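Below is one structure, written out as structure tokens; the observations come after it.
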4 protein chains.
Amino acid sequence: MAQNQSAPDATRRSERSRRAIYDAALALVAEAGYPKTTIEGIAARAGVGKQTIYRWWPSKADVLLEAFLDMAERAAEAAGHVAHALPDTGDLAADLRAVLRATVDELRDPAFEAPSRALAAEGLVNQELGRRFVAQLLEPQLQLYADRLRSAQRAGDVRPEVDPRIALELFVSPLAQRWLQHTGPITYDYTDTLVDYALNGLAPR
Amino acid sequence: MAQNQSAPDATRRSERSRRAIYDAALALVAEAGYPKTTIEGIAARAGVGKQTIYRWWPSKADVLLEAFLDMAERAAEAAGHVAHALPDTGDLAADLRAVLRATVDELRDPAFEAPSRALAAEGLVNQELGRRFVAQLLEPQLQLYADRLRSAQRAGDVRPEVDPRIALELFVSPLAQRWLQHTGPITYDYTDTLVDYALNGLAPR
Amino acid sequence: MAQNQSAPDATRRSERSRRAIYDAALALVAEAGYPKTTIEGIAARAGVGKQTIYRWWPSKADVLLEAFLDMAERAAEAAGHVAHALPDTGDLAADLRAVLRATVDELRDPAFEAPSRALAAEGLVNQELGRRFVAQLLEPQLQLYADRLRSAQRAGDVRPEVDPRIALELFVSPLAQRWLQHTGPITYDYTDTLVDYALNGLAPR
Amino acid sequence: MAQNQSAPDATRRSERSRRAIYDAALALVAEAGYPKTTIEGIAARAGVGKQTIYRWWPSKADVLLEAFLDMAERAAEAAGHVAHALPDTGDLAADLRAVLRATVDELRDPAFEAPSRALAAEGLVNQELGRRFVAQLLEPQLQLYADRLRSAQRAGDVRPEVDPRIALELFVSPLAQRWLQHTGPITYDYTDTLVDYALNGLAPR
DNA sequence: GCCTAAGCGAGACGGTACGTCCTGTCTTCCT
DNA sequence: AGGAAGACAGGACGTACCGTCTCGCTTAGGC
């Protein structure tokens, strides 16, 4: 339970600075790219001392991760607290197609693209950050798919012995890889096709 | 008669230095990690002047990419020039399971892991390197799967209207994502399951 | 009716804190040296908030000057309120030799050395502090010598046209310089010799 | 004989940078004062990387000491290699008065004042620098006085048992102290008086 | 005896400079 | 002409203090 030897007092933390740092970090990553974004640059743009960043975050990547999570949270609030579950109209294929199309749109949003690419990249090479990236951003999303697939299993649209956590990767991972590694175009056609191929494999024979 | 200022004469290049640089780069990435690997460090370890690196490569990532390709080539030579095609016994499922199991083994080889993770990460954020990473490393591998799937289509084991380039992603991308992002365990069971789920979706109904 | 913004109420001042700050400042200067002594360090060691120092002193040097004056005062009290005048036995040479020998002893006291060197050094470069250092520490001492020389003039041991304020420098300044700049050893022999040479120049011919 | 573990190669040193650093250091000390002169500031003004300073000097004070010595050397060259000895006309009092008057002029030269005060101050508190300050700047000057006094002893103008190294302090140290600590005005009258008082004490009786 | 205004401890804050490390360029000397 | 070596201008790193500020908490007098 003991805290780090010199843990700062979070109750005295300046909300103003935190927001300014989030904004600066996201803006710089979008404008200059992640590698050219520096802690000094963030501090200068936020009108903040460097120490204020080092006091609360251990690294540039952590700043960006928090800034991104905050942005996502604010976006969710603005959109009216969506995303607690995938749509469930009873038509699994249609639901997945709709959600993946929405994801395609999101992946193309430049405000989303730069920071999430950067975080993904950093997470590949930085064990600890990768763990948090997955736990806080990726896995919650994936669980929504798993939930929808379980519902489909109950409805008899997916074979009962299928592991939903693996099954969802059949359409999510290909999209992720195309986006991350530019291994192919990302279109509605593409995601529709993925759903088509994958569901065929999951449906009762 | 004047040469372009930045056109070194490749015929005079020191093979000895190149090899030493490859070895140093791979060793440092494996030992210290990609971010802590520096050009100065590579030069020092290789017993080479910094300029010798800057003369022949534009960046740290390019050094590593070449070093990795060289390593792969040497490994292939040592193994007797395999990997021009996937096995084709006529049993698609068995062939895919075997190849993916071999891939699982490879992904766990530490000498392979550190540099390829690093390159993948750099490629996410560095457009130009990403392009080369995909073109020189990833896509050639994927084409082998596409070829095997086309053979299966001719044999009637896969529906003819299926696009092999997309179909292969059903089992390759999930494995890639699990490996890159640590989103789940990587086992023979897992890859076998992927093949099972995916081929069901691709087989004639 | 409004008070000046920066006029703390001295009647409410914490004597406890002042003493702790004096002690901490002197201890740190003695242990770590003046340049490594910081206001934060003094505050921490004194168990005091930084603001308590900034409220009452304008700079590190001022803290130390006050601490040193306080120490000197306490030392004087402990010794029974000496030092209002030099001894005057009628034998000028003997009196000066005795006083300078006592000064030599004092200059070698480590508790005295560190802070007074530091203050002298700061005073060289900091006009304002230098003025106070001279006015509050140095000049009062020098006036005692001037008084003794005037007494000697009345007794006919020093030529009447000699300026005592200048004459005293003949033996005081050499000692000061040797001590401050380590330009030579500081011994009883040395100060005795100074008195000898100097008084020869001041005595009636 | 062994050099420090990572001694830079002095033969490759950039003369251009050294000169620029000297100039910048002296200018900044004169303009802003020693405490406000920073290594970053010197580097920026000299158009030089910070590392170039840290490579060749261990501290700000060392830069300034070398710059000052260089300036003194250049001034000496410009004046035609003077200062190997004090004038010796046979009239000791006149010679000393003349030299001290010249010193008074020098002490008032602002280009000389700022850096030498700063070095003296630093030397008080920094053992090692103080040693070099005395050895390289102060003591050589003082030896000239000692030589002149020895010559006077041979001529019978100074008692033979007088120690010249101590005797010279009778007029040099008072001037030094007045200058360093602003304990009194510095005028020709003052130095003439010092010579008068002091020589009286040194002359044969 | 209660109230209020100050000093106080603590420490977060915007800054500046530190001394180190690495980048990419350059120059020198060697082969 | 390539290569080993490494100095150079530049710039970010993470740390240490600066002097200011804002918090609760004593701790007096003044009512």
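Simple scheme: letters A, B, ... for chains in structure tokens order, numbers from 1 for residues in each chain, numbers from 1 for ligands in the order shown.
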Kindly determine which residues of chain E lie within 9 Å of chain B, considering only C-alpha atoms (C1' of nucleotides), and give the answer as a list of chain:residue names. E:DC22, E:DT23, E:DG24
Can you tell me which residues surround stretch 123-135 of chain D at a distance of at most 12 Å, considering only C-alpha atoms (C1' of nucleotides), apart from same-chain residues fewer than 4 positions away, and format the answer as number ranges by chain? C: 29-30, 32-36, 113-125, 176-184; D: 58-66, 68-69, 115-119, 139-143, 180
Using only C-alpha atoms (C1' of nucleotides), find the residues of chain B whose closest atom to chain F is at most 9 Å away, then write them as a PyMOL selection string. chain B and resi 8-9+12-14+17+47-52
Determine, for each residue of chain B having at least one atom at most 6 Å from an atom of chain A, the closest pair of atoms and their separation in Å to one decimal, counting only C-alpha atoms; order by chain and ascending number, as JSON lines.
{"residue": "B:Ala121", "atom": "CA", "partner": "A:Ala121", "partner_atom": "CA", "distance": 4.4}
{"residue": "B:Leu124", "atom": "CA", "partner": "A:Ala121", "partner_atom": "CA", "distance": 5.7}
{"residue": "B:Glu169", "atom": "CA", "partner": "A:Pro174", "partner_atom": "CA", "distance": 5.5}
{"residue": "B:Leu170", "atom": "CA", "partner": "A:Leu170", "partner_atom": "CA", "distance": 5.0}
{"residue": "B:Ser173", "atom": "CA", "partner": "A:Pro174", "partner_atom": "CA", "distance": 5.0}
{"residue": "B:Pro174", "atom": "CA", "partner": "A:Ser173", "partner_atom": "CA", "distance": 5.0}
{"residue": "B:Tyr197", "atom": "CA", "partner": "A:Gly201", "partner_atom": "CA", "distance": 5.1}
{"residue": "B:Ala198", "atom": "CA", "partner": "A:Gly201", "partner_atom": "CA", "distance": 5.5}
{"residue": "B:Asn200", "atom": "CA", "partner": "A:Gly201", "partner_atom": "CA", "distance": 4.0}
{"residue": "B:Gly201", "atom": "CA", "partner": "A:Gly201", "partner_atom": "CA", "distance": 3.4}
Generate a file of the selected residues that holds N, CA, C and O atoms, formatted as a PDB file, in the first residue's frame.
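Saved the output as selection.pdb:
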ATOM      1  N   ALA B 121       7.344  -1.561 -35.219  1.00  0.00           N
ATOM      2  CA  ALA B 121       6.971  -0.353 -34.490  1.00  0.00           C
ATOM      3  C   ALA B 121       7.379   0.892 -35.261  1.00  0.00           C
ATOM      4  O   ALA B 121       6.593   1.827 -35.454  1.00  0.00           O
ATOM      5  N   LEU B 124       5.186   1.731 -38.133  1.00  0.00           N
ATOM      6  CA  LEU B 124       3.858   2.291 -37.883  1.00  0.00           C
ATOM      7  C   LEU B 124       3.883   3.801 -37.968  1.00  0.00           C
ATOM      8  O   LEU B 124       2.902   4.444 -38.343  1.00  0.00           O
ATOM      9  N   GLU B 169      -5.906 -13.191 -44.529  1.00  0.00           N
ATOM     10  CA  GLU B 169      -5.853 -12.362 -43.326  1.00  0.00           C
ATOM     11  C   GLU B 169      -6.657 -12.967 -42.184  1.00  0.00           C
ATOM     12  O   GLU B 169      -6.418 -12.655 -41.023  1.00  0.00           O
ATOM     13  N   LEU B 170      -7.592 -13.837 -42.489  1.00  0.00           N
ATOM     14  CA  LEU B 170      -8.426 -14.420 -41.437  1.00  0.00           C
ATOM     15  C   LEU B 170      -7.606 -15.198 -40.422  1.00  0.00           C
ATOM     16  O   LEU B 170      -7.957 -15.272 -39.249  1.00  0.00           O
ATOM     17  N   SER B 173      -3.642 -12.371 -39.752  1.00  0.00           N
ATOM     18  CA  SER B 173      -3.736 -11.131 -38.987  1.00  0.00           C
ATOM     19  C   SER B 173      -3.976 -11.365 -37.496  1.00  0.00           C
ATOM     20  O   SER B 173      -3.355 -10.700 -36.658  1.00  0.00           O
ATOM     21  N   PRO B 174      -4.866 -12.270 -37.126  1.00  0.00           N
ATOM     22  CA  PRO B 174      -5.037 -12.519 -35.689  1.00  0.00           C
ATOM     23  C   PRO B 174      -3.732 -12.918 -35.023  1.00  0.00           C
ATOM     24  O   PRO B 174      -3.405 -12.424 -33.938  1.00  0.00           O
ATOM     25  N   TYR B 197     -11.661 -22.177 -37.737  1.00  0.00           N
ATOM     26  CA  TYR B 197     -12.739 -21.198 -37.915  1.00  0.00           C
ATOM     27  C   TYR B 197     -12.717 -20.606 -39.330  1.00  0.00           C
ATOM     28  O   TYR B 197     -13.741 -20.459 -39.993  1.00  0.00           O
ATOM     29  N   ALA B 198     -11.519 -20.261 -39.778  1.00  0.00           N
ATOM     30  CA  ALA B 198     -11.427 -19.537 -41.038  1.00  0.00           C
ATOM     31  C   ALA B 198     -11.786 -20.411 -42.229  1.00  0.00           C
ATOM     32  O   ALA B 198     -12.547 -20.011 -43.106  1.00  0.00           O
ATOM     33  N   ASN B 200     -13.651 -22.926 -42.426  1.00  0.00           N
ATOM     34  CA  ASN B 200     -15.096 -23.133 -42.471  1.00  0.00           C
ATOM     35  C   ASN B 200     -15.783 -22.038 -43.274  1.00  0.00           C
ATOM     36  O   ASN B 200     -16.751 -22.286 -43.980  1.00  0.00           O
ATOM     37  N   GLY B 201     -15.249 -20.838 -43.118  1.00  0.00           N
ATOM     38  CA  GLY B 201     -15.893 -19.727 -43.820  1.00  0.00           C
ATOM     39  C   GLY B 201     -15.552 -19.664 -45.289  1.00  0.00           C
ATOM     40  O   GLY B 201     -16.216 -18.964 -46.054  1.00  0.00           O
TER      41      GLY B 201
END
Can you pull out the residues contacting F:DT27? Cut-off 10 Å, using only C-alpha atoms (C1' of nucleotides), and skip same-chain residues under 5 positions away; I want them as number ranges by chain. C: 12; E: 6-8
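Between atom CA of B:Ala111 and atom CA of B:Arg18 there is a distance of 19.1 Å.
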